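Asker: Data file work_8.txt (compact mmCIF, C-alpha atoms) is appended below.
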```
# COMPACT_ATOMS: atom_id res chain seq x y z
CA MET A 1 57.42 7.18 89.96
CA THR A 2 54.32 6.60 87.78
CA LEU A 3 53.42 10.26 87.31
CA PRO A 4 53.21 12.39 85.30
CA MET A 5 51.21 10.42 82.75
CA THR A 6 52.86 10.68 79.34
CA VAL A 7 50.71 12.47 76.77
CA PRO A 8 52.78 13.60 73.76
CA VAL A 9 51.90 16.70 71.76
CA PRO A 10 52.52 16.53 67.99
CA GLY A 11 55.16 18.83 66.60
CA LEU A 12 57.41 18.96 69.66
CA PRO A 13 61.03 17.71 69.69
CA THR A 14 61.56 14.07 70.65
CA ARG A 15 64.57 14.92 72.80
CA VAL A 16 65.77 18.03 74.65
CA ARG A 17 69.27 18.70 75.94
CA ILE A 18 69.20 20.35 79.34
CA HIS A 19 72.09 22.75 79.92
CA GLU A 20 72.38 22.59 83.71
CA VAL A 21 73.57 25.90 85.17
CA GLY A 22 73.08 25.33 88.90
CA PRO A 23 76.74 24.95 89.91
CA ARG A 24 77.68 28.20 88.17
CA ASP A 25 74.72 30.51 87.60
CA GLY A 26 72.92 29.14 90.64
CA LEU A 27 75.67 29.18 93.24
CA GLN A 28 77.17 32.49 92.10
CA ASN A 29 74.06 34.22 93.40
CA GLU A 30 74.12 32.59 96.83
CA LYS A 31 75.27 34.69 99.78
CA ALA A 32 76.94 31.68 101.38
CA LEU A 33 80.30 30.48 100.10
CA VAL A 34 79.93 26.80 99.23
CA PRO A 35 83.13 24.76 99.69
CA ALA A 36 84.74 23.35 96.55
CA ALA A 37 84.27 19.80 97.83
CA VAL A 38 80.51 20.36 98.15
CA LYS A 39 80.35 21.90 94.67
CA ALA A 40 82.24 18.90 93.30
CA GLU A 41 79.83 16.47 94.91
CA PHE A 42 76.91 18.53 93.57
CA ILE A 43 78.30 18.19 90.04
CA HIS A 44 78.94 14.47 90.47
CA ARG A 45 75.38 13.96 91.72
CA LEU A 46 73.93 15.95 88.81
CA ALA A 47 75.86 13.80 86.33
CA GLU A 48 74.69 10.63 88.09
CA ALA A 49 71.11 11.89 87.74
CA GLY A 50 71.60 11.90 83.96
CA LEU A 51 72.50 15.49 83.13
CA THR A 52 75.02 15.51 80.30
CA THR A 53 75.89 19.23 80.21
CA ILE A 54 76.73 20.85 83.55
CA GLU A 55 78.15 24.36 83.64
CA ALA A 56 80.81 23.95 86.30
CA THR A 57 82.16 27.36 87.29
CA SER A 58 83.34 30.78 86.19
CA PHE A 59 86.78 32.29 85.69
CA VAL A 60 85.61 35.80 86.47
CA HIS A 61 87.89 37.68 88.89
CA PRO A 62 87.07 36.66 92.50
CA LYS A 63 86.53 40.32 93.37
CA TRP A 64 83.36 40.30 91.27
CA VAL A 65 82.11 36.77 91.98
CA PRO A 66 83.68 35.57 95.24
CA GLN A 67 81.32 32.59 95.34
CA LEU A 68 83.28 31.03 92.45
CA ALA A 69 86.79 32.03 93.50
CA ASP A 70 87.73 28.35 93.85
CA ALA A 71 87.50 27.53 90.12
CA GLU A 72 90.98 25.99 89.91
CA GLU A 73 90.43 23.85 92.99
CA LEU A 74 87.03 22.71 91.76
CA MET A 75 88.23 21.74 88.28
CA ALA A 76 90.73 19.32 89.82
CA LEU A 77 87.91 17.64 91.75
CA ILE A 78 85.63 17.01 88.77
CA ASP A 79 88.00 15.76 86.09
CA ASP A 80 86.37 12.31 86.37
CA VAL A 81 82.82 13.53 85.72
CA ASP A 82 81.24 11.92 82.66
CA ALA A 83 79.56 15.02 81.26
CA ARG A 84 80.28 18.14 79.29
CA LEU A 85 81.61 20.75 81.74
CA PRO A 86 81.53 24.22 80.15
CA VAL A 87 82.91 27.19 82.09
CA LEU A 88 82.28 30.92 81.87
CA VAL A 89 85.17 33.22 80.94
CA PRO A 90 85.11 37.04 80.90
CA ASN A 91 88.24 37.82 78.90
CA GLU A 92 91.48 36.38 77.51
CA ARG A 93 93.02 36.01 80.95
CA GLY A 94 90.04 33.97 82.11
CA LEU A 95 90.25 31.88 78.95
CA ASP A 96 93.93 31.16 79.56
CA ARG A 97 93.15 29.99 83.10
CA ALA A 98 90.37 27.73 81.81
CA LEU A 99 92.47 26.26 78.99
CA ALA A 100 95.34 25.55 81.38
CA LEU A 101 92.95 23.39 83.40
CA GLY A 102 91.73 21.46 80.38
CA ALA A 103 88.40 23.16 79.70
CA ARG A 104 86.92 22.01 76.39
CA GLU A 105 83.89 24.31 76.33
CA ILE A 106 83.65 27.94 77.35
CA ALA A 107 81.03 30.66 77.39
CA VAL A 108 81.16 34.43 77.10
CA PHE A 109 78.39 36.71 78.36
CA ALA A 110 77.06 39.72 76.47
CA SER A 111 74.12 42.04 76.91
CA ALA A 112 71.38 43.13 74.54
CA THR A 113 71.12 46.48 76.36
CA GLU A 114 73.53 49.28 77.17
CA SER A 115 72.35 49.62 80.79
CA PHE A 116 73.04 46.01 81.66
CA ALA A 117 76.33 45.99 79.77
CA LYS A 118 77.39 48.93 81.95
CA ALA A 119 76.16 47.33 85.19
CA ASN A 120 77.48 43.83 84.52
CA LEU A 121 80.59 44.45 82.38
CA ASN A 122 81.33 48.15 82.89
CA ARG A 123 81.40 48.51 79.10
CA THR A 124 79.15 49.46 76.23
CA VAL A 125 77.54 46.69 74.18
CA ASP A 126 80.08 47.34 71.42
CA GLY A 127 82.96 47.46 73.90
CA ALA A 128 81.96 44.09 75.39
CA LEU A 129 81.73 42.47 71.97
CA GLU A 130 85.15 43.85 71.06
CA MET A 131 86.54 42.32 74.26
CA PHE A 132 85.02 38.94 73.46
CA GLU A 133 86.16 38.73 69.85
CA PRO A 134 89.78 37.69 70.58
CA VAL A 135 88.52 35.36 73.32
CA VAL A 136 86.25 33.52 70.90
CA THR A 137 88.92 33.42 68.19
CA LYS A 138 91.54 32.03 70.58
CA ALA A 139 89.12 29.44 71.95
CA LYS A 140 88.11 28.27 68.49
CA ASP A 141 91.77 28.05 67.44
CA ALA A 142 92.31 25.78 70.46
CA GLY A 143 89.45 23.54 69.34
CA VAL A 144 87.18 24.67 72.17
CA ALA A 145 83.43 25.06 71.72
CA VAL A 146 82.02 28.51 72.52
CA ARG A 147 78.60 29.49 73.80
CA GLY A 148 77.46 33.10 73.80
CA TYR A 149 75.15 34.12 76.61
CA LEU A 150 72.97 37.11 75.78
CA SER A 151 71.29 38.79 78.75
CA MET A 152 68.22 41.06 78.77
CA CYS A 153 66.75 39.62 75.57
CA PHE A 154 63.15 40.36 76.56
CA GLY A 155 63.24 43.23 79.02
CA ASP A 156 65.62 45.37 81.04
CA PRO A 157 65.00 46.80 84.55
CA TRP A 158 66.38 50.19 83.51
CA GLU A 159 65.32 50.42 79.87
CA GLY A 160 62.05 48.50 79.90
CA PRO A 161 61.00 46.50 76.82
CA VAL A 162 63.93 45.52 74.60
CA PRO A 163 63.26 45.88 70.86
CA ILE A 164 63.41 42.51 69.12
CA SER A 165 65.66 44.01 66.44
CA GLN A 166 68.17 44.94 69.13
CA THR A 167 68.36 41.40 70.53
CA VAL A 168 68.63 39.96 67.02
CA SER A 169 71.43 42.34 66.10
CA VAL A 170 73.63 41.37 69.06
CA SER A 171 72.80 37.66 68.58
CA ARG A 172 73.88 37.88 64.97
CA ARG A 173 77.15 39.57 65.95
CA LEU A 174 77.91 36.82 68.48
CA MET A 175 77.24 34.20 65.83
CA ASP A 176 79.41 35.98 63.27
CA MET A 177 82.17 36.17 65.88
CA GLY A 178 82.27 32.38 65.97
CA CYS A 179 79.95 31.33 68.80
CA ASP A 180 78.60 27.84 68.25
CA GLU A 181 75.46 28.50 70.27
CA ILE A 182 73.57 31.51 71.56
CA SER A 183 71.66 31.29 74.84
CA LEU A 184 68.81 33.81 74.91
CA GLY A 185 68.49 35.07 78.47
CA ASP A 186 65.28 36.36 80.00
CA THR A 187 67.27 37.82 82.86
CA ILE A 188 64.38 39.43 84.76
CA GLY A 189 61.73 36.88 83.80
CA VAL A 190 59.41 39.07 81.74
CA ALA A 191 59.12 36.93 78.59
CA THR A 192 55.75 35.61 77.46
CA PRO A 193 55.08 32.95 74.79
CA GLY A 194 54.14 35.33 72.00
CA HIS A 195 57.27 37.40 72.58
CA VAL A 196 59.37 34.22 72.49
CA ARG A 197 57.87 33.12 69.17
CA GLU A 198 58.31 36.54 67.61
CA LEU A 199 61.96 36.75 68.67
CA LEU A 200 62.71 33.26 67.35
CA ASP A 201 60.93 34.02 64.06
CA THR A 202 63.01 37.18 63.61
CA LEU A 203 66.25 35.39 64.51
CA ASN A 204 65.49 32.73 61.92
CA GLU A 205 64.87 35.43 59.32
CA ALA A 206 68.28 36.88 60.24
CA GLY A 207 69.95 33.53 59.58
CA VAL A 208 70.18 32.26 63.16
CA ALA A 209 68.60 28.81 63.13
CA ASP A 210 66.81 27.19 66.06
CA ASP A 211 69.47 24.48 66.30
CA ARG A 212 72.04 27.17 67.18
CA LEU A 213 69.88 28.59 69.96
CA ALA A 214 69.17 27.82 73.60
CA VAL A 215 66.69 29.51 75.91
CA HIS A 216 67.36 30.62 79.48
CA PHE A 217 64.28 31.72 81.41
CA HIS A 218 63.79 33.08 84.91
CA ASP A 219 60.50 32.51 86.68
CA THR A 220 59.92 35.96 88.17
CA TYR A 221 56.35 36.19 86.84
CA GLY A 222 55.68 32.43 86.63
CA GLN A 223 56.16 32.35 82.85
CA ALA A 224 59.32 30.24 82.50
CA LEU A 225 57.65 26.94 81.58
CA ALA A 226 55.13 28.59 79.25
CA SER A 227 57.95 30.45 77.50
CA THR A 228 59.99 27.25 77.28
CA LEU A 229 57.10 25.38 75.69
CA ALA A 230 56.76 28.15 73.10
CA ALA A 231 60.46 27.75 72.26
CA LEU A 232 60.10 23.97 71.96
CA GLU A 233 57.11 24.38 69.66
CA HIS A 234 59.28 26.63 67.52
CA GLY A 235 62.04 24.01 67.26
CA VAL A 236 64.57 24.93 69.96
CA THR A 237 65.95 21.78 71.62
CA THR A 238 68.40 23.16 74.20
CA VAL A 239 67.03 24.58 77.45
CA ASP A 240 69.00 26.08 80.34
CA ALA A 241 67.81 25.20 83.82
CA SER A 242 69.12 25.17 87.37
CA ALA A 243 68.74 22.28 89.79
CA GLY A 244 66.33 23.25 92.54
CA GLY A 245 65.70 26.64 90.92
CA LEU A 246 68.96 28.08 92.25
CA GLY A 247 70.16 31.45 91.06
CA GLY A 248 69.10 34.88 89.96
CA CYS A 249 71.29 37.74 88.85
CA PRO A 250 73.43 39.84 91.21
CA TYR A 251 73.26 42.81 88.84
CA ALA A 252 69.49 42.74 88.27
CA LYS A 253 67.75 42.86 91.64
CA SER A 254 64.31 42.01 90.23
CA ALA A 255 65.57 38.68 88.88
CA THR A 256 64.44 35.65 90.82
CA GLY A 257 65.62 32.10 90.34
CA ASN A 258 66.26 30.28 87.12
CA LEU A 259 63.77 27.80 85.76
CA ALA A 260 64.12 24.77 88.05
CA THR A 261 65.49 21.72 86.28
CA GLU A 262 62.99 19.49 88.11
CA ASP A 263 60.03 21.60 86.95
CA LEU A 264 61.33 21.40 83.40
CA VAL A 265 61.91 17.63 83.53
CA TRP A 266 58.42 17.06 84.98
CA MET A 267 56.88 18.89 82.03
CA LEU A 268 59.09 17.16 79.47
CA ASP A 269 58.43 13.73 81.00
CA GLY A 270 54.71 14.39 80.72
CA LEU A 271 55.14 15.33 77.06
CA GLY A 272 57.13 12.16 76.35
CA ILE A 273 60.24 14.17 75.48
CA GLU A 274 63.49 12.38 76.28
CA THR A 275 66.07 14.08 78.51
CA GLY A 276 67.93 11.15 80.05
CA VAL A 277 67.35 12.67 83.50
CA ASP A 278 66.12 10.65 86.48
CA ILE A 279 63.82 13.11 88.24
CA GLY A 280 63.97 11.23 91.53
CA ARG A 281 67.75 11.33 91.73
CA LEU A 282 67.76 14.96 90.59
CA THR A 283 65.23 15.94 93.26
CA ALA A 284 67.25 14.16 95.94
CA THR A 285 70.31 16.13 94.79
CA SER A 286 68.48 19.45 95.06
CA VAL A 287 67.16 18.56 98.53
CA TRP A 288 70.73 17.70 99.54
CA MET A 289 72.05 21.04 98.21
CA ALA A 290 69.21 22.96 99.85
CA ARG A 291 70.31 21.55 103.20
CA HIS A 292 73.85 22.81 102.57
CA LEU A 293 72.45 26.25 101.76
CA GLY A 294 70.19 26.25 104.79
CA ARG A 295 66.94 26.95 102.99
CA PRO A 296 64.28 25.04 101.04
CA SER A 297 64.35 24.78 97.28
CA PRO A 298 61.96 27.17 95.49
CA SER A 299 61.17 24.45 92.91
CA ARG A 300 57.55 23.35 93.13
CA THR A 301 58.44 19.89 91.84
CA VAL A 302 61.21 19.48 94.40
CA ARG A 303 58.82 20.49 97.16
CA ALA A 304 56.11 18.11 95.94
CA LEU A 305 58.37 15.12 95.37
CA SER A 306 60.45 15.59 98.51
CA GLN A 307 57.29 15.04 100.54
CA LYS A 308 57.03 11.57 98.98
CA GLU A 309 59.42 8.66 98.69
CA ILE A 310 61.84 9.56 95.88
```
What's the structure tokens form of this structure?

Answerer:
Amino acid sequence: MTLPMTVPVPGLPTRVRIHEVGPRDGLQNEKALVPAAVKAEFIHRLAEAGLTTIEATSFVHPKWVPQLADAEELMALIDDVDARLPVLVPNERGLDRALALGAREIAVFASATESFAKANLNRTVDGALEMFEPVVTKAKDAGVAVRGYLSMCFGDPWEGPVPISQTVSVSRRLMDMGCDEISLGDTIGVATPGHVRELLDTLNEAGVADDRLAVHFHDTYGQALASTLAALEHGVTTVDASAGGLGGCPYAKSATGNLATEDLVWMLDGLGIETGVDIGRLTATSVWMARHLGRPSPSRTVRALSQKEI
């Protein structure tokens, strides 16, 4: 592959860590139940393509996310993967299950808005944070790294625009609770570059530095890459993405897929930003998974490259 041509832009990071969420956030939104063996091969292929952080699964009760009911089975199939394998946990019971299987990184998921907290967690924002506090404390005591996902940071389908102060307040509480990193979720894909910069500026003023932040954009309005670039210009160096653009949000019907990892890598390669990811191998992996799901990948880069020799 000789394209894209590398043309660096001054002021951008030299390296970005991609937090791959396809096996968890991507597959949990698929109607089809993917066998654990296929999920395991997906994760192995992603690691072989150069991804170093791959969110493997979730320990949410199978009633709520049946697509990931095989977490225990899957974990046994990926213990040889040479990558960080964080998992999502909803409460102390989920944490105990994850720790028993050797998880070394976990994530909790909060909401910046009351409506989404009710829809996704059946709790208030305060109630959800109170539930997570002992989870985070117990994980940290066990020497486990903790990420805090924060949904609806830019807009909410029920409440509309989300005040920046509201997102900052919940982010600060997650940080004070002990989270090592906060992932800012644009759950319905309404962020724009100026909004991203303003939120990051205000978070910095509140004592939350860029190196403790990740960004997680959905491409509902075609703004995910533009918003990501704004975050990189600001100094954020961790970006969530999903191989092949898998995923959405089962509790927010207007949410389309996550930013496709291939689209992100194409942009970063063109900017001369290191990721360690082989875009050809990654594209081949997404084409392989798309066949298992019985539909084409929504990623523009996957579609373009899969028409050529990878």

Asker: Identify, on the basis of all atoms listed in the file, every residue whose closest approach to Val265 of chain A does not exceed 9 Å; exclude the query and any residue fewer than 5 positions from it along the same chain; express the result as a list in words.

Answerer: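 My list of contacting residues is Ile18, Ala260, Gly270, Ile273, Thr275, Val277, Asp278 and Ile279 of chain A.
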
Asker: Just the number, please: distance in Å from atom CA of Leu199 of chain A to atom CA of Ser115 of chain A, one decimal.

Answerer: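 Atom-to-atom, atom CA of Leu199 of chain A to atom CA of Ser115 of chain A, that is 20.5 Å.
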
Asker: Between atom CA of Leu264 of chain A and atom CA of Leu74 of chain A, what is the spacing in Å?

Answerer: 27.1 Å

Asker: My list of candidates is A:Asp269, A:Glu48, A:Val162, A:Leu121. Which is closest to Thr2 of chain A when distances are computed with all atoms listed in the file?

Answerer: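 For Thr2 of chain A, the nearest of the given residues is A:Asp269.
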
Asker: For Val136 of chain A, which residue among A:Leu95, A:Ile164, A:Ala119, A:Val38 is the nearest when counting only C-alpha atoms?

Answerer: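 Closest to Val136 of chain A, using only C-alpha atoms: A:Leu95.
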
Asker: As an exercise, work out the distance from atom CA of Leu85 of chain A to atom CA of Leu282 of chain A in Å and give it to one decimal place.

Answerer: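 Atom CA of Leu85 of chain A sits 17.4 Å away from atom CA of Leu282 of chain A.
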
Asker: Would you mind listing what lies within 10 Å of Gly185 of chain A as a PyMOL selection string, with only C-alpha atoms counted and same-chain residues fewer than 6 positions away left out?

Answerer: chain A and resi 110-112+149-155+191+214-218+240

Asker: Which is closest to Leu51 of chain A among A:Lys39, A:Arg281, A:His292, A:His234, if we use only C-alpha atoms?

Answerer: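 With only C-alpha atoms as the atom set, the closest residue is A:Arg281.
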
Asker: Near Glu181 of chain A, counting all atoms listed in the file, which residues have an atom at most 10 Å away, once you skip same-chain residues fewer than 5 positions from it, shown as an MDAnalysis selection string?

Answerer: chainID A and resid 107 145:149 171 174:175 208:214 238

Asker: Restricting the calculation to only C-alpha atoms: of A:Glu262, A:Gly257, A:Val7, A:Gly244, which residue gets closest to Pro296 of chain A?

Answerer: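 Among the listed residues, A:Gly244 lies closest to Pro296 of chain A.
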
Asker: Could you pull the residues within 10 Å of Thr202 of chain A, counting all atoms listed in the file, minus those fewer than 4 positions along the same chain, as a VMD selection string?

Answerer: chain A and resid 164 to 165 167 to 168 197 to 198 206 to 208

Asker: Choose the residue, out of A:Ile43, A:Leu200, A:Met289, A:Val9, that has the smallest atom-to-atom separation from Ala83 of chain A; count all atoms listed in the file.

Answerer: A:Ile43

Asker: Kindly extract all protein, DNA and RNA residues lying within 10 Å of the coordinates (59.5, 27.1, 83.9) given in the file, considering only C-alpha atoms, and supply them as a list in words.

Answerer: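 I get His216, Phe217, His218, Asp219, Thr220, Gly222, Gln223, Ala224, Leu225, Ala226, Ser227, Thr228, Leu229, Ala241, Gly245, Asn258, Leu259, Ala260, Thr261, Glu262, Asp263, Leu264, Val265, Met267 and Ser299 of chain A for the residues within 10 Å of that point.
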
Asker: Just want the 12 Å neighbourhood of Leu77 of chain A, counted on all atoms listed in the file, with same-chain residues fewer than 6 positions away dropped. Output as a PDB file with C-alpha atoms, in the coordinates of the input.

Answerer:
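Printed below is around20.pdb as written:
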```
ATOM      1  CA  PRO A  35      83.130  24.760  99.690  1.00  0.00           C
ATOM      2  CA  ALA A  36      84.740  23.350  96.550  1.00  0.00           C
ATOM      3  CA  ALA A  37      84.270  19.800  97.830  1.00  0.00           C
ATOM      4  CA  VAL A  38      80.510  20.360  98.150  1.00  0.00           C
ATOM      5  CA  LYS A  39      80.350  21.900  94.670  1.00  0.00           C
ATOM      6  CA  ALA A  40      82.240  18.900  93.300  1.00  0.00           C
ATOM      7  CA  GLU A  41      79.830  16.470  94.910  1.00  0.00           C
ATOM      8  CA  PHE A  42      76.910  18.530  93.570  1.00  0.00           C
ATOM      9  CA  ILE A  43      78.300  18.190  90.040  1.00  0.00           C
ATOM     10  CA  HIS A  44      78.940  14.470  90.470  1.00  0.00           C
ATOM     11  CA  ALA A  56      80.810  23.950  86.300  1.00  0.00           C
ATOM     12  CA  ASP A  70      87.730  28.350  93.850  1.00  0.00           C
ATOM     13  CA  ALA A  71      87.500  27.530  90.120  1.00  0.00           C
ATOM     14  CA  LEU A 101      92.950  23.390  83.400  1.00  0.00           C
TER      15      LEU A 101
END
```

Asker: Considering only C-alpha atoms, can you say which of A:Leu305, A:Ile106, A:Leu203, A:Leu33 comes closest to Ala69 of chain A?

Answerer: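 Closest to Ala69 of chain A of all the choices is A:Leu33.
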